[in-house]
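Below is input.cif, holding mmCIF, C-alpha atoms.
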```cif
data_run
#
loop_
_atom_site.label_atom_id
_atom_site.label_comp_id
_atom_site.auth_asym_id
_atom_site.auth_seq_id
_atom_site.Cartn_x
_atom_site.Cartn_y
_atom_site.Cartn_z
CA MET L 6 -13.70 -15.31 -0.81
CA GLU L 7 -11.31 -12.71 0.55
CA SER L 8 -10.51 -9.95 -1.93
CA GLU L 9 -6.85 -9.05 -2.49
CA LEU L 10 -5.62 -5.97 -0.71
CA VAL L 11 -4.30 -3.00 -2.67
CA SER L 12 -0.98 -1.44 -1.73
CA LYS L 13 -0.53 1.71 0.32
CA GLU L 14 0.98 3.51 -2.71
CA THR L 15 -2.17 2.81 -4.72
CA ILE L 16 -4.31 4.19 -1.92
CA ILE L 17 -2.18 7.35 -1.77
CA ALA L 18 -2.43 7.72 -5.56
CA PHE L 19 -6.19 7.24 -5.34
CA LYS L 20 -6.41 9.94 -2.69
CA ASN L 21 -4.50 12.20 -5.09
CA GLY L 22 -7.17 11.56 -7.75
CA GLU L 23 -5.25 9.28 -10.15
CA GLN L 24 -7.47 7.38 -12.56
CA ASN L 25 -5.19 4.31 -12.73
CA ALA L 26 -5.29 3.92 -8.96
CA PHE L 27 -9.09 4.04 -9.08
CA LYS L 28 -9.07 1.30 -11.73
CA ILE L 29 -6.84 -0.92 -9.58
CA ILE L 30 -9.07 -0.40 -6.54
CA TYR L 31 -12.19 -1.08 -8.57
CA MET L 32 -10.71 -4.29 -9.98
CA ALA L 33 -9.68 -5.46 -6.51
CA TYR L 34 -12.89 -4.82 -4.60
CA SER L 35 -15.81 -4.28 -6.96
CA LYS L 36 -16.79 -7.93 -7.34
CA ALA L 37 -16.74 -8.70 -3.61
CA ILE L 38 -18.67 -5.52 -2.78
CA TYR L 39 -21.20 -6.30 -5.51
CA GLN L 40 -21.80 -9.77 -4.04
CA HIS L 41 -22.20 -8.20 -0.59
CA LEU L 42 -24.71 -5.66 -1.91
CA ILE L 43 -26.77 -8.12 -3.93
CA ARG L 44 -26.94 -10.58 -1.04
CA LEU L 45 -28.23 -7.94 1.31
CA THR L 46 -30.60 -6.05 -0.97
CA LYS L 47 -31.78 -9.10 -2.97
CA ASN L 48 -32.41 -6.60 -5.70
CA GLN L 49 -30.06 -6.46 -8.65
CA VAL L 50 -31.11 -2.99 -9.77
CA MET L 51 -30.52 -1.58 -6.30
CA ALA L 52 -27.20 -3.41 -6.02
CA ASP L 53 -26.09 -1.93 -9.38
CA GLU L 54 -26.98 1.55 -8.20
CA MET L 55 -25.34 1.05 -4.81
CA LEU L 56 -22.14 -0.26 -6.35
CA GLN L 57 -21.86 2.87 -8.45
CA GLU L 58 -22.72 5.04 -5.49
CA THR L 59 -20.15 3.30 -3.26
CA PHE L 60 -17.27 3.93 -5.65
CA LEU L 61 -18.35 7.48 -6.46
CA LEU L 62 -18.64 8.17 -2.72
CA SER L 63 -15.17 6.74 -2.23
CA ILE L 64 -13.80 9.31 -4.71
CA ASN L 65 -15.67 12.17 -3.07
CA LYS L 66 -14.74 11.14 0.46
CA SER L 67 -11.22 9.86 -0.18
CA ALA L 68 -9.81 12.93 1.58
CA PHE L 69 -11.48 11.78 4.79
CA PHE L 70 -9.73 8.42 4.74
CA ASN L 71 -6.74 8.53 7.10
CA LEU L 72 -3.64 6.47 6.37
CA ARG L 73 -3.04 5.12 9.82
CA GLU L 74 -1.52 1.76 10.71
CA ASN L 75 -2.39 -1.09 8.36
CA PRO L 76 -3.95 1.19 5.72
CA GLU L 77 -4.50 -1.68 3.24
CA ARG L 78 -6.95 -3.48 5.52
CA GLU L 79 -8.39 -0.21 6.82
CA PHE L 80 -9.12 0.92 3.27
CA ARG L 81 -10.96 -2.28 2.41
CA ALA L 82 -12.98 -1.98 5.64
CA TRP L 83 -13.71 1.67 4.77
CA LEU L 84 -15.07 0.71 1.32
CA TYR L 85 -17.25 -1.99 2.86
CA ARG L 86 -18.49 0.52 5.42
CA LEU L 87 -19.56 2.91 2.65
CA ALA L 88 -21.42 0.07 0.93
CA THR L 89 -22.98 -1.27 4.15
CA ASN L 90 -24.15 2.19 5.19
CA LEU L 91 -25.90 2.55 1.83
CA VAL L 92 -27.63 -0.80 2.42
CA ILE L 93 -28.69 0.23 5.94
CA ASP L 94 -30.13 3.49 4.55
CA TYR L 95 -31.96 1.46 1.90
CA PHE L 96 -33.42 -0.85 4.58
CA ARG L 97 -34.61 2.16 6.57
CA LYS L 98 -36.26 3.75 3.54
CA GLU L 99 -37.90 0.46 2.59
CA LYS L 100 -39.21 0.02 6.13
CA SER L 101 -40.78 3.49 6.19
CA LYS L 102 -42.18 3.01 2.67
CA ASN L 103 -43.69 -0.37 3.51
CA LYS L 104 -45.71 1.19 6.32
CA TYR L 105 -47.73 3.20 3.80
CA LYS L 106 -47.75 0.80 0.89
CA THR L 107 -51.00 -0.60 -0.45
CA ASP L 108 -51.30 -4.36 -0.67
CA GLN L 109 -51.08 -4.25 -4.45
CA GLN L 110 -47.76 -2.42 -4.44
CA PHE L 111 -46.42 -4.71 -1.77
CA ASN L 112 -47.31 -7.79 -3.80
CA SER L 113 -45.73 -6.44 -6.95
CA ILE L 114 -42.46 -5.84 -5.12
CA ASN L 115 -42.48 -9.31 -3.66
CA LEU L 116 -43.10 -10.70 -7.12
CA THR L 117 -40.11 -8.93 -8.63
CA GLU L 118 -37.85 -10.09 -5.81
CA THR L 119 -39.05 -13.67 -6.13
CA SER L 120 -38.67 -13.68 -9.89
CA LEU L 121 -35.10 -12.44 -9.51
CA GLU L 122 -34.35 -15.23 -7.09
CA GLN L 123 -35.98 -17.79 -9.36
CA MET L 124 -33.83 -16.51 -12.16
CA LEU L 125 -30.66 -16.77 -10.14
CA ILE L 126 -31.21 -19.74 -7.88
CA GLU L 127 -30.91 -23.04 -9.61
CA ASP L 128 -31.81 -25.82 -7.17
CA GLU L 129 -33.96 -26.16 -4.09
CA THR L 130 -31.19 -26.57 -1.53
CA LYS L 131 -29.62 -23.28 -2.55
CA ASN L 132 -33.05 -21.72 -2.49
CA GLU L 133 -33.65 -23.06 1.00
CA VAL L 134 -30.34 -21.84 2.46
CA ILE L 135 -30.79 -18.42 0.89
CA LEU L 136 -34.35 -18.19 2.15
CA GLN L 137 -33.23 -19.09 5.67
CA ILE L 138 -30.53 -16.43 5.56
CA ARG L 139 -33.16 -13.95 4.36
CA ARG L 140 -35.27 -14.72 7.41
CA LEU L 141 -32.50 -13.71 9.78
CA PRO L 142 -32.54 -10.17 11.23
CA LYS L 143 -30.91 -7.62 8.88
CA SER L 144 -28.00 -7.02 11.25
CA GLN L 145 -27.20 -10.75 11.31
CA GLN L 146 -27.50 -10.95 7.52
CA ILE L 147 -24.85 -8.22 7.25
CA LEU L 148 -22.56 -10.07 9.66
CA ILE L 149 -22.98 -13.38 7.79
CA SER L 150 -22.29 -11.72 4.46
CA LEU L 151 -19.14 -10.00 5.72
CA LYS L 152 -17.81 -12.97 7.69
CA ILE L 153 -18.67 -16.06 5.69
CA PHE L 154 -19.03 -14.79 2.12
CA GLN L 155 -16.43 -12.01 2.19
CA GLY L 156 -14.07 -13.73 4.65
CA LEU L 157 -13.27 -10.59 6.65
CA SER L 158 -11.81 -10.69 10.15
CA ASN L 159 -13.88 -9.83 13.22
CA ILE L 160 -11.88 -6.62 13.74
CA GLU L 161 -12.63 -5.48 10.20
CA ILE L 162 -16.32 -6.29 10.64
CA SER L 163 -16.39 -4.35 13.90
CA ARG L 164 -14.93 -1.33 12.04
CA ILE L 165 -17.40 -1.67 9.17
CA CYS L 166 -20.48 -2.02 11.35
CA GLY L 167 -19.31 0.30 14.11
CA LEU L 168 -19.77 -2.43 16.70
CA ASN L 169 -17.77 -3.77 19.60
CA ILE L 170 -15.79 -6.91 18.65
CA ASN L 171 -17.68 -8.96 21.23
CA ALA L 172 -20.99 -7.79 19.79
CA VAL L 173 -19.78 -8.96 16.36
CA LYS L 174 -18.84 -12.39 17.75
CA GLN L 175 -22.13 -12.68 19.61
CA GLY L 176 -24.13 -11.64 16.56
CA LEU L 177 -22.32 -14.16 14.38
CA PHE L 178 -22.90 -16.92 16.90
CA ARG L 179 -26.62 -16.10 17.08
CA ALA L 180 -26.86 -16.05 13.28
CA ARG L 181 -25.12 -19.42 12.95
CA ALA L 182 -27.15 -20.99 15.74
CA GLY L 183 -30.37 -19.56 14.27
CA LEU L 184 -29.56 -20.88 10.81
CA LYS L 185 -28.69 -24.30 12.16
CA LYS L 186 -31.95 -24.47 14.09
CA ARG L 187 -34.04 -23.33 11.12
CA MET L 188 -32.36 -25.80 8.78
CA GLN L 189 -32.89 -28.67 11.24
CA LEU L 190 -36.55 -27.76 11.64
CA ASN L 191 -36.93 -27.63 7.90
CA MET L 192 -35.31 -31.05 7.47
CA GLU L 193 -37.65 -32.52 10.09
CA GLU L 194 -40.64 -31.02 8.31
CA ILE L 195 -39.53 -32.59 5.02
CA ARG L 196 -39.19 -36.01 6.70
CA MET T 2 -15.13 -32.47 31.80
CA THR T 3 -16.62 -29.45 33.51
CA ASN T 4 -14.44 -26.55 32.26
CA HIS T 5 -15.86 -26.04 28.82
CA PRO T 6 -14.57 -23.11 26.77
CA HIS T 7 -17.01 -20.28 26.08
CA HIS T 8 -19.06 -20.71 22.90
CA LEU T 9 -17.53 -17.53 21.45
CA ILE T 10 -14.05 -19.03 21.92
CA LEU T 11 -15.19 -22.15 20.09
CA GLN T 12 -16.49 -19.94 17.32
CA SER T 13 -13.16 -18.09 17.15
CA TYR T 14 -11.47 -21.51 16.90
CA ILE T 15 -13.46 -22.48 13.81
CA GLU T 16 -12.86 -19.00 12.38
CA GLN T 17 -9.10 -19.51 13.00
CA GLU T 18 -8.90 -16.27 14.92
CA LEU T 19 -7.17 -17.64 18.04
CA ASN T 20 -3.45 -17.41 18.77
CA PRO T 21 -1.47 -20.69 18.44
CA SER T 22 -1.34 -21.44 22.19
CA GLN T 23 -5.11 -20.92 22.62
CA GLU T 24 -5.73 -22.97 19.50
CA MET T 25 -3.71 -25.87 20.92
CA LEU T 26 -5.66 -25.75 24.19
CA ILE T 27 -9.03 -25.81 22.41
CA HIS T 28 -7.83 -28.52 20.05
CA ASP T 29 -6.86 -30.71 23.02
CA HIS T 30 -10.17 -30.00 24.73
CA LEU T 31 -12.21 -30.89 21.64
CA GLY T 32 -10.45 -34.23 21.49
CA GLN T 33 -11.83 -35.09 24.94
CA CYS T 34 -15.22 -33.31 25.04
CA ASP T 35 -18.13 -34.48 22.86
CA ARG T 36 -20.37 -31.56 23.79
CA CYS T 37 -17.89 -28.91 22.62
CA SER T 38 -16.74 -30.86 19.57
CA ASN T 39 -20.39 -31.23 18.47
CA LEU T 40 -20.97 -27.50 18.90
CA ALA T 41 -17.82 -26.68 16.93
CA LEU T 42 -18.84 -29.12 14.20
CA ASP T 43 -22.31 -27.57 14.01
CA LEU T 44 -20.87 -24.08 13.63
CA ALA T 45 -18.42 -25.21 10.97
CA GLN T 46 -21.19 -27.08 9.16
CA VAL T 47 -23.32 -23.93 8.95
CA ASP T 48 -20.39 -22.06 7.37
CA ARG T 49 -19.76 -24.87 4.88
CA MET T 50 -23.44 -25.06 4.00
CA ILE T 51 -23.65 -21.30 3.38
CA LEU T 52 -20.49 -21.30 1.26
CA ALA T 53 -21.57 -24.35 -0.73
CA ASN T 54 -24.82 -22.66 -1.64
CA SER T 55 -23.43 -19.26 -2.45
CA ILE T 56 -24.07 -17.83 -5.87
CA SER T 57 -21.69 -15.50 -7.64
CA PHE T 58 -23.09 -12.55 -9.55
CA GLU T 59 -21.36 -10.79 -12.42
CA ILE T 60 -21.36 -7.02 -12.56
CA PRO T 61 -23.23 -5.92 -15.69
CA ARG T 62 -20.98 -4.28 -18.30
CA ARG T 63 -23.34 -1.31 -18.57
CA VAL T 64 -22.97 -0.61 -14.82
CA GLU T 65 -19.18 -0.68 -15.07
CA ASN T 66 -19.16 1.63 -18.09
CA ASP T 67 -21.50 4.11 -16.41
CA LEU T 68 -19.42 4.04 -13.27
CA PHE T 69 -16.14 4.62 -15.10
CA THR T 70 -17.57 7.53 -17.09
CA GLN T 71 -18.84 9.20 -13.92
CA ALA T 72 -15.69 8.36 -11.95
CA ASN T 73 -13.39 9.78 -14.65
CA LEU T 74 -15.39 13.01 -14.66
CA LEU T 75 -15.19 13.24 -10.88
CA LEU T 76 -11.47 12.45 -10.82
CA ALA T 77 -10.78 15.03 -13.54
CA LYS T 78 -12.72 17.63 -11.55
CA LYS T 79 -10.84 16.68 -8.41
CA ALA T 80 -7.46 16.90 -10.15
CA GLU T 81 -8.38 20.32 -11.59
CA LYS T 82 -9.44 21.55 -8.16
CA LYS T 83 -6.24 20.26 -6.61
CA GLN T 84 -4.12 21.96 -9.27
CA HIS T 85 -6.01 25.21 -8.70
CA ILE T 86 -5.42 25.01 -4.96
CA GLU T 87 -1.72 24.30 -5.52
CA GLN T 88 -1.44 27.33 -7.81
CA LEU T 89 -3.13 29.51 -5.21
CA HIS T 90 -0.80 28.17 -2.61
CA PHE T 91 2.35 29.08 -4.55
CA LEU T 92 1.23 32.56 -5.73
CA PRO T 93 3.31 35.37 -4.19
CA PRO T 94 1.38 37.35 -1.57
CA ALA T 95 -0.09 40.71 -2.69
CA ARG T 96 2.18 42.96 -0.58
CA PRO T 97 5.15 40.71 -0.07
CA LYS T 98 7.89 41.63 2.36
CA ILE T 99 7.26 45.31 2.96
CA PHE T 100 5.26 44.64 6.08
CA GLN T 101 7.76 42.12 7.28
CA LEU T 102 10.72 44.42 6.63
CA LEU T 103 9.19 47.64 7.97
CA PRO T 104 9.47 46.85 11.69
CA LEU T 105 12.96 45.54 11.11
CA ALA T 106 14.03 48.72 9.32
CA ALA T 107 12.45 50.91 12.01
CA GLY T 108 14.19 48.97 14.72
CA LEU T 109 17.50 49.25 12.96
CA ALA T 110 17.06 52.99 12.47
CA LEU T 111 16.23 53.51 16.14
CA PHE T 112 19.19 51.44 17.17
CA LEU T 113 21.57 53.33 14.93
CA TYR T 114 20.17 56.65 16.17
CA PHE T 115 20.44 55.88 19.86
CA TYR T 116 23.47 53.66 19.99
CA PRO T 117 26.23 56.35 19.51
CA PHE T 118 24.48 58.71 21.93
CA LYS T 119 24.32 56.09 24.58
CA LEU T 120 27.92 55.22 24.01
CA HIS T 121 28.92 58.89 24.20
CA SER T 122 27.07 59.54 27.46
CA TYR T 123 28.47 56.40 28.94
CA ASN T 124 31.97 57.46 27.96
CA ASN T 125 31.32 60.86 29.54
CA LEU T 126 30.33 59.25 32.78
CA GLN T 127 33.41 57.10 32.67
CA SER T 128 35.70 60.08 32.16
CA PHE T 129 33.87 62.48 34.52
CA ASP T 130 35.99 63.80 37.34
CA PHE T 131 33.88 63.87 40.48
CA SER T 132 36.56 65.71 42.60
CA PRO T 133 35.58 69.28 43.69
CA THR T 134 36.75 71.74 41.12
CA LEU T 135 36.01 75.27 40.09
CA ILE T 136 32.69 75.50 38.45
CA VAL T 137 33.76 78.52 36.43
CA SER T 138 37.12 78.41 34.80
CA GLU T 139 39.68 81.19 35.17
CA ASN T 140 39.26 82.24 31.59
CA GLU T 141 35.61 82.91 32.23
CA LEU T 142 36.30 85.37 35.21
CA PRO T 143 35.50 89.07 34.52
CA THR T 144 38.42 91.21 33.66
CA ALA T 145 39.75 94.00 35.95
CA SER T 146 38.28 96.81 33.80
CA VAL T 147 34.86 95.14 33.84
CA MET T 148 35.14 94.85 37.64
CA ALA T 149 36.07 98.50 37.90
CA THR T 150 33.07 99.65 35.84
CA ARG T 151 30.82 97.43 37.94
CA ASP T 152 32.26 98.94 41.20
CA LYS T 153 31.70 102.44 39.82
CA GLU T 154 28.08 101.57 39.00
CA PHE T 155 27.58 100.18 42.50
CA THR T 156 29.00 103.34 44.18
CA GLU T 157 26.76 105.57 42.02
CA ILE T 158 23.73 103.54 43.02
CA GLU T 159 24.73 103.65 46.70
CA HIS T 160 25.24 107.39 46.48
CA PHE T 161 21.83 107.86 44.90
CA ILE T 162 20.24 105.72 47.63
CA THR T 163 21.87 107.75 50.46
CA ILE T 164 20.66 111.07 48.94
CA GLU T 165 17.13 109.70 48.76
CA GLU T 166 17.28 108.53 52.39
CA GLU T 167 18.47 111.94 53.59
CA GLU T 168 15.67 113.73 51.74
CA PHE T 169 13.15 111.34 53.24
CA ASN T 170 14.45 111.97 56.80
CA GLU T 171 14.34 115.78 56.38
CA ASN T 172 10.72 115.65 55.30
#
```

Would you write out, as structure tokens, the structure that this file holds?
Amino acid sequence: MESELVSKETIIAFKNGEQNAFKIIYMAYSKAIYQHLIRLTKNQVMADEMLQETFLLSINKSAFFNLRENPEREFRAWLYRLATNLVIDYFRKEKSKNKYKTDQQFNSINLTETSLEQMLIEDETKNEVILQIRRLPKSQQILISLKIFQGLSNIEISRICGLNINAVKQGLFRARAGLKKRMQLNMEEIR
Amino acid sequence: MTNHPHHLILQSYIEQELNPSQEMLIHDHLGQCDRCSNLALDLAQVDRMILANSISFEIPRRVENDLFTQANLLLAKKAEKKQHIEQLHFLPPARPKIFQLLPLAAGLALFLYFYPFKLHSYNNLQSFDFSPTLIVSENELPTASVMATRDKEFTEIEHFITIEEEEFNEN
């Protein structure tokens, strides 16, 4: 599901603060970024907030985006980086919060997340695959979302995550192998 | 078959991120090696399984509306700021070219003041006759009457001196 790239002229116009350019960019990338955010956060409210924050940040920080070679791809990677950094910050906050949460609060959060999934996930197979992805480490979840769902290249992912390209490849391989193993184990258990 | 490609290369093959020559090599290898072809199939199967079970979410209208309202405000602010900066940039400076022109004018004045003098002295040197000549011109020599009065004064002084010497010797 690779989103269409916007032209260099649109990016320049966006940097100059033109509203039409912002609209074009929003139309091109918002849906893909929203899917990325909702898959990682598993929380629709947070994803809504983060989507807004990503695009507002992009306006505020557009001056910092440099039009180097291949600006179309670089711009898309830059937008994803803004979104992914927000998700990473969210994970960090959640981790520190969870340390001090009472059991009651913890259960209520789990309930809301599960109810959201129940609302969105229709059949058991989908539920199973999504649950297995959720059990992967966060870093691997990000890589899977960017590579398989968003269809980005390894170079773009390395820019977004600030990783070496070999680390991206290795992480993706581990995620795929881990998923395969988990799914096989699950199938054996069912049998 | 002992030379199996690295698992990351196999992964790049299923991701279609290899160049055509590498892709051909791996393709040929997979045709002969069960171990590698199984691994590649497994990796591709995971991708297919994830994609088949993906769910698409629609962005709520309310979120879009909120975002556009905030974004338009931000963009308007940004445009206003940019315009302000441009205006500042094109305003004439407070004391425009006086300070730039002052050193130039001073230099020109000095040049004009000294240039003719230099030229004059140089011309003098060029035309100066270094051969030995009379320092005082003939016109400036004292006249005969002036010389006569001077001689008379000298004789009077000499006479006065001799009288004084005689008186001193007598005493």

Find the distance between atom CA of Asn48 of chain L and atom CA of Ile29 of chain L and write it in Å to one decimal.
-> 26.5 Å

Restrict the distance test to only C-alpha atoms, flag each residue of chain T within 6 Å of chain L, and return the flagged residues as JSON, numbers by chain.
-> {"T": [54, 68, 76, 80]}

Write out as an MDAnalysis selection string which residues come within 8 Å of Thr15 of chain L when counting only C-alpha atoms, dropping same-chain ones fewer than 2 positions away.
-> chainID L and resid 11:13 17:19 26 29:30

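In terms of minimum interatomic distance to His7 of chain T, T:Cys37 ranks closest within T:Cys37, T:Ile164, T:Gly32, T:Ser55, counting only C-alpha atoms.
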
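Taking atom CA of Glu16 of chain T and atom CA of Asp43 of chain T as the two end points, the separation is 12.9 Å.
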
Polymer residues at most 9 Å from Cys166 of chain L, only C-alpha atoms, same-chain spacing of 2 or more positions, as a short mmCIF file (atom, residue, chain, number, x, y, z; two decimals) with C-alpha atoms, in the coordinates of the input:
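Once written, part.cif looks like this:
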```
data_model
loop_
_atom_site.label_atom_id
_atom_site.label_comp_id
_atom_site.auth_asym_id
_atom_site.auth_seq_id
_atom_site.Cartn_x
_atom_site.Cartn_y
_atom_site.Cartn_z
CA ARG L 86 -18.49 0.52 5.42
CA THR L 89 -22.98 -1.27 4.15
CA ASN L 90 -24.15 2.19 5.19
CA ILE L 147 -24.85 -8.22 7.25
CA LEU L 148 -22.56 -10.07 9.66
CA GLU L 161 -12.63 -5.48 10.20
CA ILE L 162 -16.32 -6.29 10.64
CA SER L 163 -16.39 -4.35 13.90
CA ARG L 164 -14.93 -1.33 12.04
CA LEU L 168 -19.77 -2.43 16.70
CA ASN L 169 -17.77 -3.77 19.60
CA VAL L 173 -19.78 -8.96 16.36
#
```

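Here atom CA of Leu10 of chain L and atom CA of Thr59 of chain L stand 17.4 Å from one another.
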
Which of these residues is nearest to Arg140 of chain L, using all atoms listed in the file: L:Lys102, L:Ile38, L:Asn25, L:Leu45?
-> L:Leu45

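The smallest atom-to-atom distance between Lys186 of chain L and any of T:Leu44, T:Leu19, T:Val147, T:Ile10, using all atoms listed in the file, is found for T:Leu44.
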
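The environment of Leu26 of chain T within 12 Å, counting only C-alpha atoms and disregarding residues fewer than 6 places along the same chain, consists of Asn4, His5, Pro6, Ile10, Leu11, Tyr14, Leu19, Asn20, Gly32 and Gln33 of chain T.
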
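Restricting the calculation to all atoms listed in the file, the smallest distance between Leu136 of chain L and any of L:Lys47, L:Arg73, L:Arg81, L:Arg179 is found for L:Lys47.
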